[in-house]
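With mmCIF, N, CA, C and O atoms inside, this is coords36.cif:
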```
data_target
loop_
_atom_site.label_atom_id
_atom_site.label_comp_id
_atom_site.auth_asym_id
_atom_site.auth_seq_id
_atom_site.Cartn_x
_atom_site.Cartn_y
_atom_site.Cartn_z
N MET A 1 19.07 -25.16 -9.99
CA MET A 1 19.30 -23.96 -10.78
C MET A 1 20.13 -24.35 -12.00
O MET A 1 21.14 -25.02 -11.88
N LEU A 2 19.70 -23.90 -13.14
CA LEU A 2 20.44 -24.10 -14.38
C LEU A 2 21.44 -22.96 -14.50
O LEU A 2 21.09 -21.80 -14.35
N VAL A 3 22.70 -23.27 -14.75
CA VAL A 3 23.74 -22.26 -14.92
C VAL A 3 24.25 -22.34 -16.36
O VAL A 3 24.66 -23.41 -16.81
N LEU A 4 24.19 -21.21 -17.06
CA LEU A 4 24.64 -21.15 -18.46
C LEU A 4 25.73 -20.10 -18.59
O LEU A 4 25.71 -19.08 -17.89
N THR A 5 26.66 -20.34 -19.48
CA THR A 5 27.70 -19.36 -19.79
C THR A 5 27.39 -18.74 -21.14
O THR A 5 27.14 -19.45 -22.11
N ARG A 6 27.38 -17.42 -21.20
CA ARG A 6 27.10 -16.70 -22.44
C ARG A 6 28.12 -15.58 -22.58
O ARG A 6 28.59 -15.01 -21.59
N LYS A 7 28.43 -15.23 -23.78
CA LYS A 7 29.30 -14.09 -24.08
C LYS A 7 28.43 -12.92 -24.53
O LYS A 7 27.24 -13.09 -24.81
N THR A 8 29.05 -11.75 -24.66
CA THR A 8 28.33 -10.57 -25.13
C THR A 8 27.66 -10.87 -26.47
O THR A 8 28.24 -11.52 -27.34
N ASN A 9 26.42 -10.44 -26.59
CA ASN A 9 25.56 -10.62 -27.77
C ASN A 9 25.04 -12.05 -27.94
O ASN A 9 24.39 -12.34 -28.94
N GLU A 10 25.30 -12.93 -26.98
CA GLU A 10 24.70 -14.26 -27.02
C GLU A 10 23.45 -14.26 -26.15
O GLU A 10 23.32 -13.45 -25.23
N SER A 11 22.53 -15.16 -26.47
CA SER A 11 21.22 -15.16 -25.81
C SER A 11 20.88 -16.52 -25.23
O SER A 11 21.50 -17.52 -25.56
N ILE A 12 19.84 -16.51 -24.40
CA ILE A 12 19.17 -17.74 -23.99
C ILE A 12 17.68 -17.53 -24.28
O ILE A 12 17.19 -16.40 -24.28
N GLN A 13 17.01 -18.60 -24.56
CA GLN A 13 15.58 -18.56 -24.89
C GLN A 13 14.82 -19.28 -23.78
O GLN A 13 15.18 -20.39 -23.40
N ILE A 14 13.76 -18.65 -23.28
CA ILE A 14 12.89 -19.26 -22.27
C ILE A 14 11.52 -19.43 -22.92
O ILE A 14 10.84 -18.44 -23.22
N GLY A 15 11.14 -20.66 -23.15
CA GLY A 15 9.89 -20.92 -23.84
C GLY A 15 9.94 -20.34 -25.25
O GLY A 15 11.00 -20.16 -25.83
N ASP A 16 8.75 -20.04 -25.78
CA ASP A 16 8.67 -19.49 -27.13
C ASP A 16 8.76 -17.98 -27.17
O ASP A 16 8.99 -17.39 -28.23
N GLU A 17 8.56 -17.32 -26.03
CA GLU A 17 8.33 -15.87 -26.06
C GLU A 17 9.36 -15.02 -25.34
O GLU A 17 9.29 -13.80 -25.41
N ILE A 18 10.28 -15.60 -24.58
CA ILE A 18 11.20 -14.79 -23.78
C ILE A 18 12.64 -15.08 -24.22
O ILE A 18 13.07 -16.23 -24.24
N GLU A 19 13.36 -14.00 -24.56
CA GLU A 19 14.76 -14.10 -24.96
C GLU A 19 15.57 -13.14 -24.09
O GLU A 19 15.21 -11.97 -23.94
N ILE A 20 16.64 -13.64 -23.51
CA ILE A 20 17.53 -12.83 -22.69
C ILE A 20 18.89 -12.78 -23.37
O ILE A 20 19.48 -13.82 -23.67
N THR A 21 19.37 -11.56 -23.64
CA THR A 21 20.63 -11.36 -24.34
C THR A 21 21.62 -10.63 -23.45
O THR A 21 21.26 -9.66 -22.78
N VAL A 22 22.86 -11.09 -23.42
CA VAL A 22 23.93 -10.39 -22.70
C VAL A 22 24.37 -9.24 -23.59
O VAL A 22 24.87 -9.44 -24.70
N LEU A 23 24.15 -8.01 -23.13
CA LEU A 23 24.50 -6.83 -23.92
C LEU A 23 25.93 -6.37 -23.67
O LEU A 23 26.62 -5.97 -24.60
N SER A 24 26.35 -6.42 -22.40
CA SER A 24 27.73 -6.03 -22.09
C SER A 24 28.12 -6.54 -20.71
O SER A 24 27.26 -6.83 -19.88
N VAL A 25 29.42 -6.64 -20.51
CA VAL A 25 29.97 -7.03 -19.22
C VAL A 25 31.05 -6.01 -18.88
O VAL A 25 31.98 -5.79 -19.67
N GLN A 26 30.90 -5.35 -17.72
CA GLN A 26 31.89 -4.36 -17.28
C GLN A 26 32.17 -4.60 -15.81
O GLN A 26 31.32 -4.34 -14.96
N GLY A 27 33.33 -5.14 -15.52
CA GLY A 27 33.68 -5.45 -14.14
C GLY A 27 32.73 -6.50 -13.59
O GLY A 27 32.58 -7.57 -14.17
N ASP A 28 32.06 -6.16 -12.48
CA ASP A 28 31.13 -7.11 -11.87
C ASP A 28 29.67 -6.84 -12.26
O ASP A 28 28.75 -7.36 -11.65
N GLN A 29 29.46 -6.02 -13.29
CA GLN A 29 28.10 -5.74 -13.76
C GLN A 29 27.88 -6.32 -15.15
O GLN A 29 28.75 -6.28 -16.01
N ILE A 30 26.69 -6.85 -15.34
CA ILE A 30 26.28 -7.41 -16.62
C ILE A 30 25.01 -6.69 -17.04
O ILE A 30 24.07 -6.55 -16.24
N LYS A 31 24.95 -6.22 -18.26
CA LYS A 31 23.73 -5.63 -18.80
C LYS A 31 23.02 -6.69 -19.62
O LYS A 31 23.61 -7.30 -20.51
N LEU A 32 21.74 -6.90 -19.29
CA LEU A 32 20.93 -7.89 -19.99
C LEU A 32 19.81 -7.18 -20.74
O LEU A 32 19.23 -6.23 -20.24
N GLY A 33 19.52 -7.68 -21.92
CA GLY A 33 18.34 -7.23 -22.67
C GLY A 33 17.32 -8.35 -22.63
O GLY A 33 17.67 -9.52 -22.80
N ILE A 34 16.07 -8.01 -22.39
CA ILE A 34 15.03 -9.01 -22.27
C ILE A 34 13.92 -8.69 -23.26
O ILE A 34 13.35 -7.60 -23.23
N LYS A 35 13.63 -9.65 -24.14
CA LYS A 35 12.49 -9.53 -25.06
C LYS A 35 11.41 -10.46 -24.54
O LYS A 35 11.64 -11.66 -24.37
N ALA A 36 10.25 -9.88 -24.25
CA ALA A 36 9.13 -10.66 -23.72
C ALA A 36 7.84 -9.95 -24.10
O ALA A 36 7.84 -8.74 -24.36
N PRO A 37 6.73 -10.69 -24.12
CA PRO A 37 5.44 -10.05 -24.38
C PRO A 37 5.14 -8.98 -23.33
O PRO A 37 5.61 -9.07 -22.19
N LYS A 38 4.37 -7.98 -23.72
CA LYS A 38 4.05 -6.88 -22.80
C LYS A 38 3.28 -7.34 -21.57
O LYS A 38 3.34 -6.70 -20.53
N ASN A 39 2.58 -8.47 -21.67
CA ASN A 39 1.80 -8.93 -20.52
C ASN A 39 2.67 -9.66 -19.49
O ASN A 39 2.18 -10.01 -18.42
N VAL A 40 3.95 -9.87 -19.78
CA VAL A 40 4.86 -10.50 -18.82
C VAL A 40 5.55 -9.42 -18.01
O VAL A 40 6.25 -8.56 -18.56
N GLU A 41 5.32 -9.43 -16.70
CA GLU A 41 5.96 -8.45 -15.83
C GLU A 41 7.41 -8.87 -15.57
O GLU A 41 7.68 -10.03 -15.29
N ILE A 42 8.31 -7.91 -15.67
CA ILE A 42 9.73 -8.16 -15.44
C ILE A 42 10.22 -7.14 -14.42
O ILE A 42 10.06 -5.93 -14.61
N HIS A 43 10.76 -7.64 -13.30
CA HIS A 43 11.26 -6.77 -12.23
C HIS A 43 12.61 -7.29 -11.74
O HIS A 43 12.88 -8.48 -11.83
N ARG A 44 13.41 -6.39 -11.19
CA ARG A 44 14.58 -6.84 -10.44
C ARG A 44 14.05 -7.59 -9.22
O ARG A 44 12.97 -7.30 -8.71
N LYS A 45 14.78 -8.57 -8.74
CA LYS A 45 14.31 -9.43 -7.64
C LYS A 45 13.92 -8.62 -6.42
O LYS A 45 12.87 -8.86 -5.81
N GLU A 46 14.74 -7.64 -6.03
CA GLU A 46 14.43 -6.86 -4.82
C GLU A 46 13.15 -6.05 -4.99
O GLU A 46 12.39 -5.86 -4.04
N VAL A 47 12.88 -5.57 -6.19
CA VAL A 47 11.64 -4.84 -6.46
C VAL A 47 10.46 -5.80 -6.41
O VAL A 47 9.42 -5.50 -5.81
N TYR A 48 10.61 -6.98 -7.01
CA TYR A 48 9.55 -8.00 -6.98
C TYR A 48 9.19 -8.37 -5.54
O TYR A 48 8.01 -8.43 -5.19
N LEU A 49 10.20 -8.59 -4.71
CA LEU A 49 9.94 -8.96 -3.31
C LEU A 49 9.23 -7.83 -2.56
O LEU A 49 8.34 -8.07 -1.75
N SER A 50 9.61 -6.59 -2.85
CA SER A 50 8.96 -5.44 -2.22
C SER A 50 7.49 -5.34 -2.64
O SER A 50 6.61 -5.08 -1.81
N ILE A 51 7.22 -5.58 -3.91
CA ILE A 51 5.83 -5.57 -4.40
C ILE A 51 5.03 -6.67 -3.72
O ILE A 51 3.90 -6.44 -3.27
N GLN A 52 5.61 -7.86 -3.60
CA GLN A 52 4.92 -8.98 -2.95
C GLN A 52 4.62 -8.65 -1.49
O GLN A 52 3.52 -8.92 -1.00
N GLU A 53 5.59 -8.05 -0.81
CA GLU A 53 5.39 -7.68 0.60
C GLU A 53 4.26 -6.65 0.73
O GLU A 53 3.39 -6.78 1.61
N SER A 54 4.26 -5.66 -0.14
CA SER A 54 3.20 -4.64 -0.11
C SER A 54 1.84 -5.26 -0.39
O SER A 54 0.85 -4.92 0.27
N ASN A 55 1.78 -6.16 -1.35
CA ASN A 55 0.52 -6.84 -1.67
C ASN A 55 0.02 -7.67 -0.49
O ASN A 55 -1.17 -7.68 -0.18
N ASN A 56 0.94 -8.37 0.16
CA ASN A 56 0.55 -9.18 1.33
C ASN A 56 0.04 -8.31 2.46
O ASN A 56 -0.93 -8.65 3.13
N GLU A 57 0.70 -7.15 2.69
CA GLU A 57 0.24 -6.23 3.73
C GLU A 57 -1.15 -5.69 3.40
O GLU A 57 -2.01 -5.59 4.27
N ALA A 58 -1.36 -5.33 2.14
CA ALA A 58 -2.66 -4.80 1.73
C ALA A 58 -3.74 -5.85 1.89
O ALA A 58 -4.84 -5.56 2.35
N ALA A 59 -3.45 -7.08 1.52
CA ALA A 59 -4.43 -8.16 1.65
C ALA A 59 -4.75 -8.42 3.11
O ALA A 59 -5.90 -8.64 3.48
N SER A 60 -3.75 -8.37 3.95
CA SER A 60 -3.95 -8.58 5.39
C SER A 60 -4.80 -7.47 5.98
O SER A 60 -5.70 -7.71 6.77
N THR A 61 -4.54 -6.23 5.57
CA THR A 61 -5.31 -5.09 6.06
C THR A 61 -6.76 -5.22 5.64
O THR A 61 -7.67 -4.98 6.44
N SER A 62 -7.01 -5.63 4.41
CA SER A 62 -8.38 -5.78 3.92
C SER A 62 -9.14 -6.81 4.75
O SER A 62 -10.29 -6.61 5.09
N VAL A 63 -8.49 -7.92 5.08
CA VAL A 63 -9.13 -8.96 5.88
C VAL A 63 -9.44 -8.42 7.27
O VAL A 63 -10.53 -8.64 7.79
N ASN A 64 -8.51 -7.67 7.86
CA ASN A 64 -8.74 -7.11 9.19
C ASN A 64 -9.92 -6.14 9.18
O ASN A 64 -10.74 -6.13 10.10
N ILE A 65 -10.01 -5.32 8.16
CA ILE A 65 -11.13 -4.37 8.07
C ILE A 65 -12.44 -5.12 7.90
O ILE A 65 -13.44 -4.79 8.54
N LEU A 66 -12.46 -6.15 7.06
CA LEU A 66 -13.67 -6.95 6.88
C LEU A 66 -14.08 -7.61 8.19
O LEU A 66 -15.27 -7.67 8.52
N ASP A 67 -13.13 -8.13 8.94
CA ASP A 67 -13.44 -8.74 10.24
C ASP A 67 -14.06 -7.71 11.18
O ASP A 67 -15.03 -8.01 11.89
N LEU A 68 -13.53 -6.50 11.20
CA LEU A 68 -14.08 -5.46 12.06
C LEU A 68 -15.51 -5.12 11.66
O LEU A 68 -16.38 -4.95 12.51
N ILE A 69 -15.75 -5.02 10.37
CA ILE A 69 -17.09 -4.71 9.88
C ILE A 69 -18.07 -5.82 10.24
O ILE A 69 -19.18 -5.56 10.68
N ARG A 70 -17.65 -7.07 10.07
CA ARG A 70 -18.52 -8.20 10.38
C ARG A 70 -18.86 -8.27 11.87
O ARG A 70 -19.96 -8.63 12.25
N ASN A 71 -17.89 -7.94 12.70
CA ASN A 71 -18.08 -8.07 14.15
C ASN A 71 -18.75 -6.84 14.78
O ASN A 71 -19.14 -6.88 15.92
N LYS A 72 -18.88 -5.79 14.02
CA LYS A 72 -19.48 -4.55 14.53
C LYS A 72 -20.97 -4.57 14.26
O LYS A 72 -21.42 -4.86 13.17
N SER A 73 -21.77 -4.28 15.27
CA SER A 73 -23.21 -4.18 15.03
C SER A 73 -23.53 -2.71 14.77
O SER A 73 -23.12 -1.83 15.49
N PHE A 74 -24.25 -2.47 13.71
CA PHE A 74 -24.61 -1.12 13.32
C PHE A 74 -26.04 -0.84 13.73
O PHE A 74 -26.94 -1.63 13.51
N ASP A 75 -26.25 0.32 14.35
CA ASP A 75 -27.59 0.77 14.71
C ASP A 75 -28.07 1.69 13.58
O ASP A 75 -27.59 2.79 13.43
N LEU A 76 -29.00 1.19 12.78
CA LEU A 76 -29.47 1.92 11.63
C LEU A 76 -30.62 2.87 11.95
O LEU A 76 -31.13 3.53 11.07
N GLU A 77 -31.05 2.93 13.18
CA GLU A 77 -32.16 3.82 13.53
C GLU A 77 -31.68 5.20 13.91
O GLU A 77 -30.66 5.49 14.29
#
```

Please rewrite the model in this file as structure tokens.
Amino acid sequence: MLVLTRKTNESIQIGDEIEITVLSVQGDQIKLGIKAPKNVEIHRKEVYLSIQESNNEAASTSVNILDLIRNKSFDLE
């Protein structure tokens, strides 16, 4: 992990397109501003993990349904 020290209104650059700026520091909270292309998704870590978990559950459910369909014989008459 890279650890950087920044003061208010100082930034870090990630690649050519992402800039993170420290907007303010109040107690144990830091406000960050992030400039990135619209196609880059930005989430808080806990939200990202929740989305990943939901996606994994949905993918698992889809596979289970497909398995049931494949193993079921349908009488079309």

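Residue selection for this entry, given the PyMOL selection byres (((chain A and resi 14-22 and name CA) around 8) and name CA), comprises A:Arg6, A:Lys7, A:Thr8, A:Asn9, A:Glu10, A:Ser11, A:Ile12, A:Gln13, A:Leu23, A:Ser24, A:Val25, A:Ile30, A:Lys31, A:Leu32, A:Gly33, A:Ile34, A:Lys35, A:Ala36, A:Pro37.
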
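The interatomic distance for the pair atom N of Val3 (chain A) and atom N of Ser54 (chain A) works out to 29.4 Å.
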
_Picked from chain A by DSSP as alpha helix (DSSP H), as an NGL selection string_ = :A and (45-71)

*Provide the atom C of Asp67 (chain A) to CA of Asn55 (chain A) distance in Å, to one decimal place.*
19.5 Å

*Looking only at strand (DSSP E) from DSSP on the backbone, list the matching residues of chain A as number ranges by chain.*
A: 11-14, 18-26, 29-35

_d(atom O of Ser50 (chain A), atom C of Asp28 (chain A)) in Å_ = 25.4 Å

Quick one: axis-aligned box around all listed atoms of region 44-58 of chain A, 5 Å on every side, centre and edge lengths in Å to one decimal, written as lines of an AutoDock Vina configuration file.
```
center_x = 5.0
center_y = -7.0
center_z = -3.5
size_x = 29.6
size_y = 14.8
size_z = 25.5
```
